[in-house]
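Data file: upload35.cif. Format and content: mmCIF, C-alpha atoms.
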data_query
#
loop_
_atom_site.label_atom_id
_atom_site.label_comp_id
_atom_site.auth_asym_id
_atom_site.auth_seq_id
_atom_site.Cartn_x
_atom_site.Cartn_y
_atom_site.Cartn_z
CA PHE G 1 95.99 79.66 99.47
CA GLY G 2 97.82 76.85 101.21
CA MET G 3 98.00 74.55 98.20
CA GLY G 4 101.78 74.48 98.12
CA ALA G 5 103.99 73.54 101.05
CA PHE G 6 101.03 73.09 103.42
CA LEU G 7 99.62 70.22 101.35
CA ARG G 8 102.79 68.93 99.72
CA HIS G 9 103.71 66.65 102.62
CA LEU G 10 100.25 66.12 104.07
CA LYS G 11 100.59 62.39 103.46
CA LEU G 12 103.30 62.23 106.11
CA ASN G 13 100.69 63.21 108.71
CA ASP G 14 97.72 61.38 107.19
CA ASP G 15 98.37 58.37 104.98
CA ARG G 16 94.91 58.70 103.39
CA TYR G 17 96.41 61.46 101.28
CA GLU G 18 98.81 59.05 99.64
CA ASP G 19 96.01 58.85 97.07
CA PRO G 20 96.55 61.60 94.42
CA ALA G 21 92.80 61.79 93.76
CA ARG G 22 92.07 62.54 97.42
CA ILE G 23 94.64 65.33 97.62
CA ARG G 24 93.31 66.84 94.39
CA ASN G 25 89.77 66.79 95.75
CA LEU G 26 91.02 68.70 98.78
CA LYS G 27 92.64 71.31 96.53
CA ARG G 28 89.44 71.64 94.53
CA ARG G 29 87.45 72.20 97.73
CA ILE G 30 89.84 75.02 98.67
CA ALA G 31 89.38 76.61 95.25
CA ASP G 32 85.59 76.23 95.52
CA GLU G 33 85.59 78.09 98.84
CA LEU G 34 87.60 80.91 97.28
CA MET G 35 85.01 81.31 94.52
CA ASN G 36 82.23 81.31 97.11
CA ALA G 37 84.04 84.04 99.04
CA ILE G 38 84.54 86.14 95.90
CA ALA G 39 80.85 85.90 95.04
CA ASP G 40 79.84 86.71 98.60
CA ILE G 41 82.13 89.75 98.94
CA CYS G 42 82.35 91.24 95.45
CA ILE G 43 78.92 90.73 93.90
CA PRO G 44 76.25 93.26 94.96
CA PRO G 45 73.41 91.85 97.09
CA SER G 46 70.83 92.66 94.41
CA LYS G 47 72.61 90.31 92.03
CA SER G 48 73.64 87.58 94.44
CA GLY G 49 70.19 87.51 96.02
CA LYS G 50 71.55 87.95 99.55
CA SER G 51 70.23 90.64 101.84
CA LYS G 52 73.31 92.38 103.21
CA ALA G 53 74.06 95.97 104.00
CA THR G 54 75.16 97.95 100.97
CA THR G 55 78.90 98.55 101.08
CA SER G 56 81.62 99.47 98.64
CA LYS G 57 82.67 96.33 96.78
CA PRO G 58 85.61 95.58 94.46
CA CYS G 59 84.58 95.92 90.82
CA ARG G 60 87.25 93.55 89.52
CA LEU G 61 89.39 90.77 90.99
CA HIS G 62 92.55 89.59 89.24
CA LEU G 63 93.64 86.08 90.26
CA CYS G 64 97.32 85.56 89.36
CA LEU G 65 98.15 81.85 89.01
CA VAL G 66 101.58 80.30 88.57
CA CYS G 67 101.70 77.58 85.94
CA VAL G 68 105.29 76.35 85.58
CA ASN G 69 105.57 72.83 87.07
CA PRO G 70 103.29 69.81 87.70
CA GLU G 71 102.16 70.98 91.13
CA SER G 72 101.37 74.54 90.03
CA ILE G 73 99.60 73.27 86.89
CA ASP G 74 97.40 71.04 89.03
CA ASN G 75 96.61 73.95 91.37
CA HIS G 76 95.90 76.20 88.38
CA ASN G 77 93.45 73.69 86.95
CA CYS G 78 91.62 73.42 90.28
CA PHE G 79 91.05 77.18 90.34
CA VAL G 80 89.87 77.22 86.71
CA GLU G 81 87.48 74.31 87.31
CA ALA G 82 86.13 75.94 90.48
CA ALA G 83 85.54 79.24 88.66
CA ALA G 84 83.75 77.49 85.80
CA ALA G 85 81.53 75.60 88.24
CA LYS G 86 80.67 78.75 90.21
CA VAL G 87 79.72 80.64 87.04
CA GLN G 88 76.95 78.10 86.45
CA SER G 89 75.13 79.24 89.59
CA CYS G 90 76.47 82.80 89.66
CA PRO G 91 76.93 84.20 86.13
CA GLU G 92 77.90 87.63 87.53
CA LEU G 93 81.25 86.13 88.55
CA LYS G 94 82.39 86.50 84.94
CA GLU G 95 82.17 90.28 85.30
CA ILE G 96 84.25 90.31 88.49
CA LEU G 97 86.91 87.60 88.16
CA GLN G 98 89.80 87.75 85.71
CA LEU G 99 92.34 84.91 85.66
CA ARG G 100 95.98 85.85 85.02
CA ARG G 101 98.37 83.07 84.11
CA ASN G 102 102.05 83.60 85.02
CA VAL G 103 101.51 87.32 85.62
CA ASP G 104 103.49 89.04 88.37
CA SER G 105 100.92 90.32 90.88
CA LEU G 106 103.07 93.20 92.18
CA GLN G 107 103.74 94.52 88.68
CA LEU G 108 100.08 94.13 87.75
CA ALA G 109 98.98 96.07 90.83
CA HIS G 110 101.52 98.77 89.99
CA GLU G 111 100.21 99.11 86.43
CA LEU G 112 96.57 99.14 87.50
CA GLY G 113 97.26 101.72 90.19
CA GLN G 114 99.07 104.21 87.99
CA ASN G 115 97.30 107.54 87.51
CA THR G 116 94.47 106.41 89.79
CA GLN G 117 93.25 108.96 92.31
CA PRO G 118 92.13 108.15 94.88
CA LEU G 119 93.94 104.82 95.16
CA LYS G 120 91.58 101.98 94.27
CA VAL G 121 93.91 99.00 93.85
CA ALA G 122 94.76 96.55 96.64
CA LEU G 123 97.14 93.59 96.49
CA LEU G 124 96.13 90.61 98.67
CA ASN G 125 99.15 88.86 100.15
CA GLY G 126 99.18 85.41 101.72
CA ALA G 127 101.40 86.54 104.58
CA ASN G 128 103.08 84.78 107.48
CA ARG G 129 101.58 86.19 110.67
CA LYS G 130 104.66 85.27 112.71
CA LEU G 131 107.32 86.81 110.46
CA CYS G 132 106.53 89.61 107.97
CA GLY G 133 107.93 88.60 104.59
CA ASN G 134 108.76 85.17 105.99
CA HIS G 135 112.23 84.09 104.75
CA TRP G 136 112.46 86.40 101.74
CA PHE G 137 116.23 86.76 102.27
CA GLN G 138 116.85 83.02 101.78
CA SER G 139 116.93 80.96 98.60
CA GLY G 140 113.77 78.89 99.22
CA ALA G 141 110.10 79.59 98.56
CA ARG G 142 110.68 80.55 94.94
CA TYR G 143 106.96 80.62 94.12
CA ALA G 144 105.63 81.98 97.44
CA ILE G 145 103.86 85.33 97.11
CA ASP G 146 104.97 86.71 100.49
CA GLU G 147 108.68 86.16 99.88
CA ASN G 148 108.55 87.31 96.27
CA LEU G 149 106.71 90.54 97.10
CA HIS G 150 109.50 91.39 99.53
CA ARG G 151 112.23 90.39 97.09
CA ARG G 152 110.72 92.78 94.54
CA SER G 153 110.21 95.69 96.94
CA ALA G 154 113.05 97.31 98.89
CA SER G 155 110.51 99.27 100.96
CA LEU G 156 108.66 96.14 102.05
CA SER G 157 111.83 94.24 102.92
CA ARG G 158 113.23 97.13 104.99
CA ALA G 159 109.97 97.66 106.85
CA SER G 160 109.56 93.95 107.54
CA LEU G 161 113.08 93.61 108.89
CA LEU G 162 112.42 96.47 111.30
CA VAL G 163 109.01 95.36 112.58
CA ASN G 164 110.12 91.73 112.87
CA PHE G 165 113.03 92.77 115.07
CA ASP G 166 114.48 89.41 114.09
CA THR G 167 115.03 87.04 111.18
CA GLU G 168 113.32 84.03 112.76
CA PRO G 169 109.88 83.44 114.31
CA ARG G 170 110.02 83.58 118.10
CA PRO G 171 107.59 83.85 121.01
CA ARG G 172 106.14 87.35 121.10
CA LYS G 173 103.78 89.28 123.31
CA ALA G 174 100.33 90.14 122.02
CA THR G 175 101.36 93.80 121.86
CA GLN G 176 104.81 93.19 120.36
CA LEU G 177 104.06 94.62 116.91
CA GLU G 178 102.50 97.86 118.14
CA GLU G 179 105.31 98.35 120.66
CA THR G 180 107.89 97.91 117.90
CA VAL G 181 106.08 100.38 115.66
CA ARG G 182 106.04 102.96 118.46
CA PHE G 183 109.72 102.24 119.16
CA PHE G 184 110.54 103.47 115.64
CA GLY G 185 108.37 106.57 116.08
CA GLY G 186 105.29 105.24 114.32
CA SER G 187 101.67 105.41 115.44
CA VAL G 188 99.12 102.65 115.98
CA ILE G 189 95.42 103.13 115.23
CA ASP G 190 92.87 100.75 116.74
CA LEU G 191 90.17 100.47 114.08
CA THR G 192 87.75 98.91 116.57
CA LYS G 193 87.86 102.14 118.55
CA ALA G 194 87.79 104.52 115.60
CA PRO G 195 85.31 107.37 116.17
CA LYS G 196 82.10 107.40 114.17
CA GLU G 197 81.44 110.06 111.55
CA LYS G 198 79.09 111.95 113.88
CA ASP G 199 81.72 112.00 116.62
CA LYS G 200 84.36 113.16 114.13
CA GLN G 201 82.15 116.07 113.07
CA LYS G 202 81.56 117.11 116.67
CA ALA G 203 85.29 117.00 117.37
CA ALA G 204 86.00 119.06 114.25
CA ASP G 205 83.38 121.64 115.24
CA ALA G 206 84.86 121.89 118.72
CA LYS G 207 88.32 122.54 117.31
CA HIS G 208 87.10 125.37 115.09
CA VAL G 209 86.79 127.71 118.04
CA GLN G 210 87.69 131.21 117.04
CA ILE G 211 88.98 133.95 119.25
CA GLN G 212 86.57 136.82 118.77
CA ASP G 213 87.18 140.48 119.30
CA THR G 214 86.87 141.22 123.02
CA ALA G 215 87.00 145.00 122.66
CA ALA G 216 83.29 145.33 123.50
CA THR G 217 83.79 143.70 126.91
CA ARG G 218 86.70 145.88 127.92
CA ALA G 219 86.38 148.70 130.41
CA PRO G 220 85.76 152.16 128.84
CA VAL G 221 88.92 154.04 128.11
CA GLU G 222 89.52 157.80 128.01
CA ALA G 223 88.65 159.45 124.72
CA SER G 224 92.10 160.92 124.41
CA ALA G 225 93.84 157.55 124.76
CA PRO G 226 94.66 155.69 121.53
CA GLN G 227 92.34 152.75 121.05
CA ALA G 228 93.81 149.30 120.53
CA LYS G 229 93.28 147.56 117.21
CA PRO G 230 90.74 144.72 117.36
CA LYS G 231 92.04 141.17 117.37
CA LYS G 232 91.60 139.15 114.23
CA SER G 233 89.85 135.79 114.13
CA PHE G 234 92.20 132.82 114.40
CA CYS G 235 91.39 129.10 113.88
CA PHE G 236 93.82 126.75 115.63
CA CYS G 237 92.60 123.71 113.69
CA CYS G 238 93.07 125.24 110.25
CA SER G 239 96.34 126.95 111.21
CA ALA G 240 95.27 130.30 109.75
CA ARG G 241 98.20 132.53 108.85
CA ASP G 242 96.59 135.70 110.21
CA SER G 243 98.20 136.24 113.59
CA LEU G 244 96.71 138.22 116.44
CA ALA G 245 97.27 141.94 116.04
CA ARG G 246 99.54 143.49 118.60
CA GLU G 247 97.97 146.08 120.88
#

Target format structure tokens, applied to this file:
Amino acid sequence: FGMGAFLRHLKLNDDRYEDPARIRNLKRRIADELMNAIADICIPPSKSGKSKATTSKPCRLHLCLVCVNPESIDNHNCFVEAAAAKVQSCPELKEILQLRRNVDSLQLAHELGQNTQPLKVALLNGANRKLCGNHWFQSGARYAIDENLHRRSASLSRASLLVNFDTEPRPRKATQLEETVRFFGGSVIDLTKAPKEKDKQKAADAKHVQIQDTAATRAPVEASAPQAKPKKSFCFCCSARDSLARE
């Protein structure tokens, strides 16, 4: 959430943050905004009192907080205080939010997702938009979620190394990521141009075109000649196994 390295040396850019109380107030404001976002996204409109379109919402949010050194303890306390303050005006938050102290988020997501069909568990990563996984292969960022997720997952680290096409951030084109994905044989789906459900149904109906028996439209044949067997129906979309009968 930007409470680590992004704020650690803020005083070098703004000497007002030499004051520990001022930097803690800033951290608390960040935590307050997180709680506001959780209430806005996860709590149904009927409970939060906001008139928004009904959508599928997460039923539970697990907030994994590191608590091992003075900085992380201070950050942890800011989140706890923000959650307690938000519960006063939004009691439903207690049903949604669960705080996890020193719990590995990747392992927790793995345990929650076991034997769950369809998949209903998502892990939110604070990622670096210029370098997937950031510097997971180096010795720094011991408490950063992005690096640690990649250090724990061989699949993530391999995929990130491929799509980064590098080990350092560098100037990239706006289409660099999708071009790299296609280079490795992958496909890119533009969600802003995804067809609507009605259009999908029309496309599916158009694909289910069956080849019907055309014997009735054929020219009359002599009675003595052997008649050809009628063709069987065949759906290209469903890849039916029944092949067309030979004449």

Evaluate the PyMOL selection byres ((chain G and resi 158-163) around 8) on the structure here and hand back the selected residues as a compact mmCIF listing (two decimals) with C-alpha atoms, in the frame of the given file.
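And here's result_9.txt as it stands now:
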# COMPACT_ATOMS: atom_id res chain seq x y z
CA CYS G 132 106.53 89.61 107.97
CA GLY G 133 107.93 88.60 104.59
CA ALA G 154 113.05 97.31 98.89
CA SER G 155 110.51 99.27 100.96
CA LEU G 156 108.66 96.14 102.05
CA SER G 157 111.83 94.24 102.92
CA ASN G 164 110.12 91.73 112.87
CA PHE G 165 113.03 92.77 115.07
CA ASP G 166 114.48 89.41 114.09
CA THR G 167 115.03 87.04 111.18
CA LEU G 177 104.06 94.62 116.91
CA THR G 180 107.89 97.91 117.90
CA VAL G 181 106.08 100.38 115.66

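The residues returned by the PyMOL selection byres ((chain G and resi 33) around 12) for this structure are Phe1, Leu26, Lys27, Arg28, Arg29, Ile30, Ala31, Asp32, Leu34, Met35, Asn36, Ala37, Ile38, Ala39, Asp40, Cys78, Phe79, Ala82, Ala83, Ala85 and Lys86 of chain G.
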
With the file shown as input, list the residues that the PyMOL selection byres ((chain G and resi 134-141) around 10) selects, as a PDB file with C-alpha atoms, in the frame of the given file.
ATOM      1  CA  GLY G   4     101.780  74.480  98.120  1.00  0.00           C
ATOM      2  CA  ALA G   5     103.990  73.540 101.050  1.00  0.00           C
ATOM      3  CA  ALA G 127     101.400  86.540 104.580  1.00  0.00           C
ATOM      4  CA  ASN G 128     103.080  84.780 107.480  1.00  0.00           C
ATOM      5  CA  ARG G 129     101.580  86.190 110.670  1.00  0.00           C
ATOM      6  CA  LYS G 130     104.660  85.270 112.710  1.00  0.00           C
ATOM      7  CA  LEU G 131     107.320  86.810 110.460  1.00  0.00           C
ATOM      8  CA  CYS G 132     106.530  89.610 107.970  1.00  0.00           C
ATOM      9  CA  GLY G 133     107.930  88.600 104.590  1.00  0.00           C
ATOM     10  CA  ARG G 142     110.680  80.550  94.940  1.00  0.00           C
ATOM     11  CA  TYR G 143     106.960  80.620  94.120  1.00  0.00           C
ATOM     12  CA  ALA G 144     105.630  81.980  97.440  1.00  0.00           C
ATOM     13  CA  ILE G 145     103.860  85.330  97.110  1.00  0.00           C
ATOM     14  CA  ASP G 146     104.970  86.710 100.490  1.00  0.00           C
ATOM     15  CA  GLU G 147     108.680  86.160  99.880  1.00  0.00           C
ATOM     16  CA  ASN G 148     108.550  87.310  96.270  1.00  0.00           C
ATOM     17  CA  LEU G 149     106.710  90.540  97.100  1.00  0.00           C
ATOM     18  CA  HIS G 150     109.500  91.390  99.530  1.00  0.00           C
ATOM     19  CA  ARG G 151     112.230  90.390  97.090  1.00  0.00           C
ATOM     20  CA  ARG G 152     110.720  92.780  94.540  1.00  0.00           C
ATOM     21  CA  SER G 157     111.830  94.240 102.920  1.00  0.00           C
ATOM     22  CA  SER G 160     109.560  93.950 107.540  1.00  0.00           C
ATOM     23  CA  LEU G 161     113.080  93.610 108.890  1.00  0.00           C
ATOM     24  CA  ASN G 164     110.120  91.730 112.870  1.00  0.00           C
ATOM     25  CA  THR G 167     115.030  87.040 111.180  1.00  0.00           C
ATOM     26  CA  GLU G 168     113.320  84.030 112.760  1.00  0.00           C
ATOM     27  CA  PRO G 169     109.880  83.440 114.310  1.00  0.00           C
TER      28      PRO G 169
END

task = List the neighbours of Leu10 of chain G out to 12 Å using all atoms listed in the file; skip same-chain residues closer than 3 positions along the sequence, and give me the result as a PyMOL selection string.
result = chain G and resi 2-7+13-20+22-24+26-27

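One distance worth recording is that between atom CA of Leu93 of chain G and atom CA of Arg60 of chain G, which is 9.6 Å.
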
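Interatomic distance, atom CA of Asn125 of chain G against atom CA of Val103 of chain G: 14.8 Å.
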